[in-house]
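See below for the structure under consideration.
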Amino acid sequence: IGRFFSSAAVYSSMQQNLRIKRVSIEGNIAVGKSTFARLLQNARPDWEVTSEPISKWQNVHHMSQQSSSNLLQMMYQDPKRWSYTFQTFSCMSRLRTHLEPPSARLLQSRGTPVQVYERSVYSDRYIFALNMFELRCINSTEWAVYQDWHSFLVEQFGHQIQLEGIIYLRASPQTCMERLGRRGRTEEQGVRLDYLEKLHTRHENWLVNKSTEVHFEHLEKVPVLVLDVGVEFEKDPSVQAKLLT
Ligand code: TTP
């Protein structure tokens, strides 16, 4: 009986999981995804907005020692050596976030429970890893291995990570460059405009031009909301109101 109840509990949590609508916020580096996510959480306290696990990439704990590495910095300093490792780790940490059980608060919400993420396993592959492959920072063997485990995991976890919608925050690469300079994240000091231009084109190809590089059929049908965030929105309530309604 105990076993039955525990499997019934798992089943019921799976059923609740199926009701959840998952949305990801996509857009170039420094476009303002975190700011938008924070504003969205304030506007919709009944939704669950999960921020990107970037601090995990800056502090990879070494199991046996009392120390850690900044993998984000290592990737920017020596992309040929560390891009594959970085993309593996960022994708795994993201998958872990997507698979975390929803909070009780979300499951008890009256309306449709909505979970919002900054980025997804799809941008990991089709924006960053693909870009690094094309820049020859990920070699063809690493790229084949990455695609193999990525496709396997997406197929295995299918409905648990399926997106209901994508919010694409769009601004020019120049605007992103200015915002990146203003926030001054140490690891990103060497990021150049042409890198942001490449990432911008990748976002456009995936989310606006619907390029054929994306291999997951279910993803092609996911609706994309394109929001122009070229105008400063962090401190302007009227711009925020337009974006959030
Ligand atoms: P972003 O995911 O773009 O986060 P952000 O903090 O720049 O977003 P915003 O300002 O819009 O809130 O990237 C964080 C850093 O990690 C950035 O330096 C790019 C890097 N990165 C990769 O190199 N590969 C990846 O797959 C991801 C997700 C990030």
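By order of appearance in the structure tokens: chains A, B, ..., then residues from 1 within every chain, and ligands from 1 in the order shown.
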
Close residues, Ile166 of chain A itself excluded, 9 Å, only C-alpha atoms, min 4 positions apart in chain, as a short mmCIF file (atom, residue, chain, number, x, y, z; two decimals) with all heavy atoms, in the first residue's frame:
```cif
data_model
loop_
_atom_site.label_atom_id
_atom_site.label_comp_id
_atom_site.auth_asym_id
_atom_site.auth_seq_id
_atom_site.Cartn_x
_atom_site.Cartn_y
_atom_site.Cartn_z
N ARG A 22 5.35 26.22 -19.70
CA ARG A 22 6.74 26.69 -19.58
C ARG A 22 7.06 27.66 -20.69
O ARG A 22 6.77 27.40 -21.86
CB ARG A 22 7.70 25.51 -19.65
CG ARG A 22 7.59 24.60 -18.49
CD ARG A 22 8.49 23.39 -18.58
NE ARG A 22 8.12 22.48 -17.52
CZ ARG A 22 7.08 21.65 -17.58
NH1 ARG A 22 6.35 21.57 -18.67
NH2 ARG A 22 6.77 20.88 -16.55
N VAL A 23 7.67 28.76 -20.26
CA VAL A 23 8.00 29.82 -21.21
C VAL A 23 9.47 30.17 -21.02
O VAL A 23 9.95 30.24 -19.88
CB VAL A 23 7.13 31.07 -20.92
CG1 VAL A 23 7.53 32.24 -21.80
CG2 VAL A 23 5.65 30.74 -21.12
N SER A 24 10.19 30.38 -22.12
CA SER A 24 11.58 30.81 -21.93
C SER A 24 11.77 32.22 -22.49
O SER A 24 11.12 32.61 -23.46
CB SER A 24 12.57 29.83 -22.52
OG SER A 24 12.80 30.10 -23.87
N ILE A 25 12.67 32.95 -21.83
CA ILE A 25 13.01 34.29 -22.28
C ILE A 25 14.34 34.16 -23.01
O ILE A 25 15.32 33.67 -22.43
CB ILE A 25 13.17 35.27 -21.09
CG1 ILE A 25 11.90 35.27 -20.24
CG2 ILE A 25 13.52 36.67 -21.57
CD1 ILE A 25 12.05 36.06 -18.93
N GLU A 26 14.37 34.55 -24.27
CA GLU A 26 15.59 34.43 -25.05
C GLU A 26 16.04 35.82 -25.51
O GLU A 26 15.25 36.76 -25.53
CB GLU A 26 15.33 33.54 -26.29
CG GLU A 26 14.75 32.16 -25.98
CD GLU A 26 15.77 31.19 -25.41
OE1 GLU A 26 16.98 31.51 -25.38
OE2 GLU A 26 15.36 30.09 -24.98
N LEU A 207 14.50 32.34 -34.22
CA LEU A 207 13.20 32.76 -33.69
C LEU A 207 12.36 33.59 -34.66
O LEU A 207 11.15 33.67 -34.51
CB LEU A 207 13.43 33.55 -32.39
CG LEU A 207 14.09 32.73 -31.28
CD1 LEU A 207 14.55 33.60 -30.14
CD2 LEU A 207 13.16 31.63 -30.78
N VAL A 222 6.23 26.17 -31.52
CA VAL A 222 6.12 26.99 -30.31
C VAL A 222 5.99 28.47 -30.70
O VAL A 222 6.83 28.98 -31.44
CB VAL A 222 7.36 26.79 -29.40
CG1 VAL A 222 7.34 27.72 -28.20
CG2 VAL A 222 7.45 25.34 -28.95
N PRO A 223 4.93 29.16 -30.22
CA PRO A 223 4.78 30.57 -30.59
C PRO A 223 5.86 31.45 -29.98
O PRO A 223 6.31 31.20 -28.86
CB PRO A 223 3.40 30.95 -30.04
CG PRO A 223 3.03 29.88 -29.09
CD PRO A 223 3.84 28.65 -29.39
N VAL A 224 6.29 32.44 -30.76
CA VAL A 224 7.36 33.34 -30.31
C VAL A 224 6.80 34.76 -30.22
O VAL A 224 6.24 35.27 -31.19
CB VAL A 224 8.55 33.32 -31.31
CG1 VAL A 224 9.64 34.29 -30.87
CG2 VAL A 224 9.12 31.91 -31.46
N LEU A 225 6.95 35.36 -29.05
CA LEU A 225 6.56 36.76 -28.88
C LEU A 225 7.83 37.60 -28.98
O LEU A 225 8.75 37.44 -28.17
CB LEU A 225 5.90 36.94 -27.51
CG LEU A 225 5.57 38.37 -27.09
CD1 LEU A 225 4.45 38.95 -27.97
CD2 LEU A 225 5.15 38.42 -25.63
N VAL A 226 7.88 38.47 -30.00
CA VAL A 226 9.08 39.29 -30.17
C VAL A 226 8.83 40.64 -29.51
O VAL A 226 7.87 41.34 -29.86
CB VAL A 226 9.42 39.50 -31.67
CG1 VAL A 226 10.71 40.30 -31.83
CG2 VAL A 226 9.53 38.15 -32.39
#
```

Report task. Compile the contact shell of Lys242 of chain A as a PyMOL selection string: residues with an atom at most 12 Å away, counting only C-alpha atoms, same-chain residues fewer than 4 positions apart removed. Result -> chain A and resi 227-229+231+233+236-238

Requested in this report: Counting only C-alpha atoms and all ligand atoms, name the residues that have an atom within 8 Å of an atom of ligand 1; the answer should be given as a ChimeraX atom specification.
Outcome: /A:27-36,52,54,72,75-76,83,86-87,90-91,118-120,123-125,127-129,179-180,187-188

Query raised in the report: Please, what distance in Å, to one decimal, runs between atom CA of Ser55 of chain A and atom CA of Arg185 of chain A?
Result: 12.0 Å

Using only C-alpha atoms, tabulate the residues of segment 127-206 of chain A lying at most 12 Å from any atom of segment 104-114 of chain A, each with its closest atom pair and that distance in Å to one decimal, by chain and increasing residue number, as a Markdown table.
```
| residue | atom | partner | partner_atom | distance |
| --- | --- | --- | --- | --- |
| A:Leu163 | CA | A:Val114 | CA | 10.6 |
| A:Glu164 | CA | A:Val114 | CA | 9.4 |
| A:Gly165 | CA | A:Val114 | CA | 10.5 |
```

Requested in this report: Could you jot down the atom CA of Cys176 of chain A to atom CA of Glu197 of chain A separation for me, Å, one decimal place?
Outcome: 9.6 Å

**Report entry** Backbone-only DSSP, alpha helix (DSSP H) members of segment 22-227 of chain A, as a PyMOL selection string
**Finding:** chain A and resi 33-43+54-58+71-77+79-99+104-107+121-123+130-134+140-161+173-183+193-203+217-220

Query - Residues within 9 Å of Gln58 of chain A, only C-alpha atoms, excluding chain neighbours under 6 positions, as a PyMOL selection string - result: chain A and resi 68-73

Would you write out those residues with N, CA and C atoms, as an mmCIF file, in the first residue's frame?
```
data_model
loop_
_atom_site.group_PDB
_atom_site.id
_atom_site.type_symbol
_atom_site.label_atom_id
_atom_site.label_comp_id
_atom_site.auth_asym_id
_atom_site.auth_seq_id
_atom_site.Cartn_x
_atom_site.Cartn_y
_atom_site.Cartn_z
ATOM 1 N N SER A 68 37.275 25.987 -6.131
ATOM 2 C CA SER A 68 36.340 26.012 -7.260
ATOM 3 C C SER A 68 36.994 26.731 -8.441
ATOM 4 N N SER A 69 36.412 26.524 -9.634
ATOM 5 C CA SER A 69 36.935 27.187 -10.845
ATOM 6 C C SER A 69 35.867 28.080 -11.413
ATOM 7 N N ASN A 70 36.323 29.135 -12.090
ATOM 8 C CA ASN A 70 35.379 30.005 -12.797
ATOM 9 C C ASN A 70 35.380 29.567 -14.267
ATOM 10 N N LEU A 71 34.436 28.663 -14.585
ATOM 11 C CA LEU A 71 34.403 28.090 -15.933
ATOM 12 C C LEU A 71 34.016 29.135 -16.986
ATOM 13 N N LEU A 72 33.207 30.116 -16.588
ATOM 14 C CA LEU A 72 32.816 31.179 -17.530
ATOM 15 C C LEU A 72 34.068 31.948 -17.971
ATOM 16 N N GLN A 73 34.897 32.262 -16.995
ATOM 17 C CA GLN A 73 36.133 32.993 -17.302
ATOM 18 C C GLN A 73 37.100 32.133 -18.136
#
```

Per DSSP on the backbone, what are the strand (DSSP E or B) residues of segment 4-157 of chain A, as a short mmCIF file (atom, residue, chain, number, x, y, z; two decimals) with N, CA, C and O atoms, in the first residue's frame?
```
data_model
loop_
_atom_site.label_atom_id
_atom_site.label_comp_id
_atom_site.auth_asym_id
_atom_site.auth_seq_id
_atom_site.Cartn_x
_atom_site.Cartn_y
_atom_site.Cartn_z
N LYS A 21 2.61 25.44 -17.79
CA LYS A 21 3.04 26.02 -19.06
C LYS A 21 4.42 26.61 -18.85
O LYS A 21 4.64 27.39 -17.93
N ARG A 22 5.35 26.22 -19.70
CA ARG A 22 6.74 26.69 -19.58
C ARG A 22 7.06 27.66 -20.69
O ARG A 22 6.77 27.40 -21.86
N VAL A 23 7.67 28.76 -20.26
CA VAL A 23 8.00 29.82 -21.21
C VAL A 23 9.47 30.17 -21.02
O VAL A 23 9.95 30.24 -19.88
N SER A 24 10.19 30.38 -22.12
CA SER A 24 11.58 30.81 -21.93
C SER A 24 11.77 32.22 -22.49
O SER A 24 11.12 32.61 -23.46
N ILE A 25 12.67 32.95 -21.83
CA ILE A 25 13.01 34.29 -22.28
C ILE A 25 14.34 34.16 -23.01
O ILE A 25 15.32 33.67 -22.43
N GLU A 26 14.37 34.55 -24.27
CA GLU A 26 15.59 34.43 -25.05
C GLU A 26 16.04 35.82 -25.51
O GLU A 26 15.25 36.76 -25.53
N GLY A 27 17.29 35.92 -25.92
CA GLY A 27 17.82 37.19 -26.42
C GLY A 27 19.32 37.26 -26.21
O GLY A 27 19.89 36.46 -25.45
N GLU A 48 6.08 31.49 -11.66
CA GLU A 48 7.38 31.18 -11.06
C GLU A 48 8.47 31.51 -12.07
O GLU A 48 8.54 30.86 -13.12
N VAL A 49 9.24 32.54 -11.77
CA VAL A 49 10.29 32.96 -12.71
C VAL A 49 11.64 32.51 -12.15
O VAL A 49 12.01 32.90 -11.04
N THR A 50 12.34 31.68 -12.90
CA THR A 50 13.60 31.11 -12.42
C THR A 50 14.76 31.78 -13.14
O THR A 50 14.79 31.83 -14.37
N VAL A 60 32.57 26.40 -10.13
CA VAL A 60 32.42 24.96 -10.28
C VAL A 60 33.20 24.31 -9.14
O VAL A 60 34.43 24.42 -9.08
N HIS A 61 32.47 23.66 -8.24
CA HIS A 61 33.15 23.10 -7.06
C HIS A 61 33.93 21.84 -7.41
O HIS A 61 33.44 21.00 -8.16
N SER A 68 37.27 25.99 -6.13
CA SER A 68 36.34 26.01 -7.26
C SER A 68 36.99 26.73 -8.44
O SER A 68 38.00 27.42 -8.29
N SER A 69 36.41 26.52 -9.63
CA SER A 69 36.94 27.19 -10.84
C SER A 69 35.87 28.08 -11.41
O SER A 69 34.67 27.78 -11.31
N VAL A 114 2.31 28.85 -14.47
CA VAL A 114 3.28 29.21 -15.51
C VAL A 114 4.68 29.28 -14.90
O VAL A 114 4.89 29.95 -13.88
N GLN A 115 5.61 28.60 -15.53
CA GLN A 115 7.02 28.66 -15.12
C GLN A 115 7.79 29.38 -16.22
O GLN A 115 7.65 29.03 -17.40
N VAL A 116 8.59 30.36 -15.82
CA VAL A 116 9.34 31.13 -16.81
C VAL A 116 10.83 30.94 -16.53
O VAL A 116 11.27 31.00 -15.38
N TYR A 117 11.60 30.70 -17.59
CA TYR A 117 13.05 30.50 -17.45
C TYR A 117 13.80 31.54 -18.28
O TYR A 117 13.32 31.97 -19.32
N GLU A 118 15.00 31.88 -17.79
CA GLU A 118 15.91 32.65 -18.64
C GLU A 118 16.64 31.63 -19.49
O GLU A 118 17.37 30.81 -18.97
#
```

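By chain and then residue number, the residues within 7 Å of segment 192-196 of chain A are Pro173, Gln174 and Met177 of chain A, counting only C-alpha atoms and disregarding those fewer than 6 positions away in sequence.
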
Kindly save the residues from that selection, with N, CA, C and O atoms included, as an mmCIF file, in the first residue's frame.
```
data_model
loop_
_atom_site.group_PDB
_atom_site.id
_atom_site.type_symbol
_atom_site.label_atom_id
_atom_site.label_comp_id
_atom_site.auth_asym_id
_atom_site.auth_seq_id
_atom_site.Cartn_x
_atom_site.Cartn_y
_atom_site.Cartn_z
ATOM 1 N N PRO A 173 22.750 44.602 -31.737
ATOM 2 C CA PRO A 173 23.994 44.199 -31.067
ATOM 3 C C PRO A 173 24.710 45.397 -30.436
ATOM 4 O O PRO A 173 25.327 45.263 -29.378
ATOM 5 N N GLN A 174 24.596 46.575 -31.061
ATOM 6 C CA GLN A 174 25.241 47.784 -30.497
ATOM 7 C C GLN A 174 24.653 48.109 -29.126
ATOM 8 O O GLN A 174 25.392 48.424 -28.183
ATOM 9 N N MET A 177 25.910 45.715 -26.650
ATOM 10 C CA MET A 177 27.313 46.011 -26.333
ATOM 11 C C MET A 177 27.386 47.119 -25.271
ATOM 12 O O MET A 177 28.166 47.022 -24.326
#
```

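Shortest atom-to-atom contact with Arg202 of chain A among A:Asn131, A:Gln147, A:Gln156, A:Ser64: A:Asn131, counting only C-alpha atoms.
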
**Report entry** Using only C-alpha atoms: which of A:Glu234, A:Ser211, A:Glu134, A:Thr88 has the shortest distance to Trp149 of chain A
**Finding:** A:Thr88
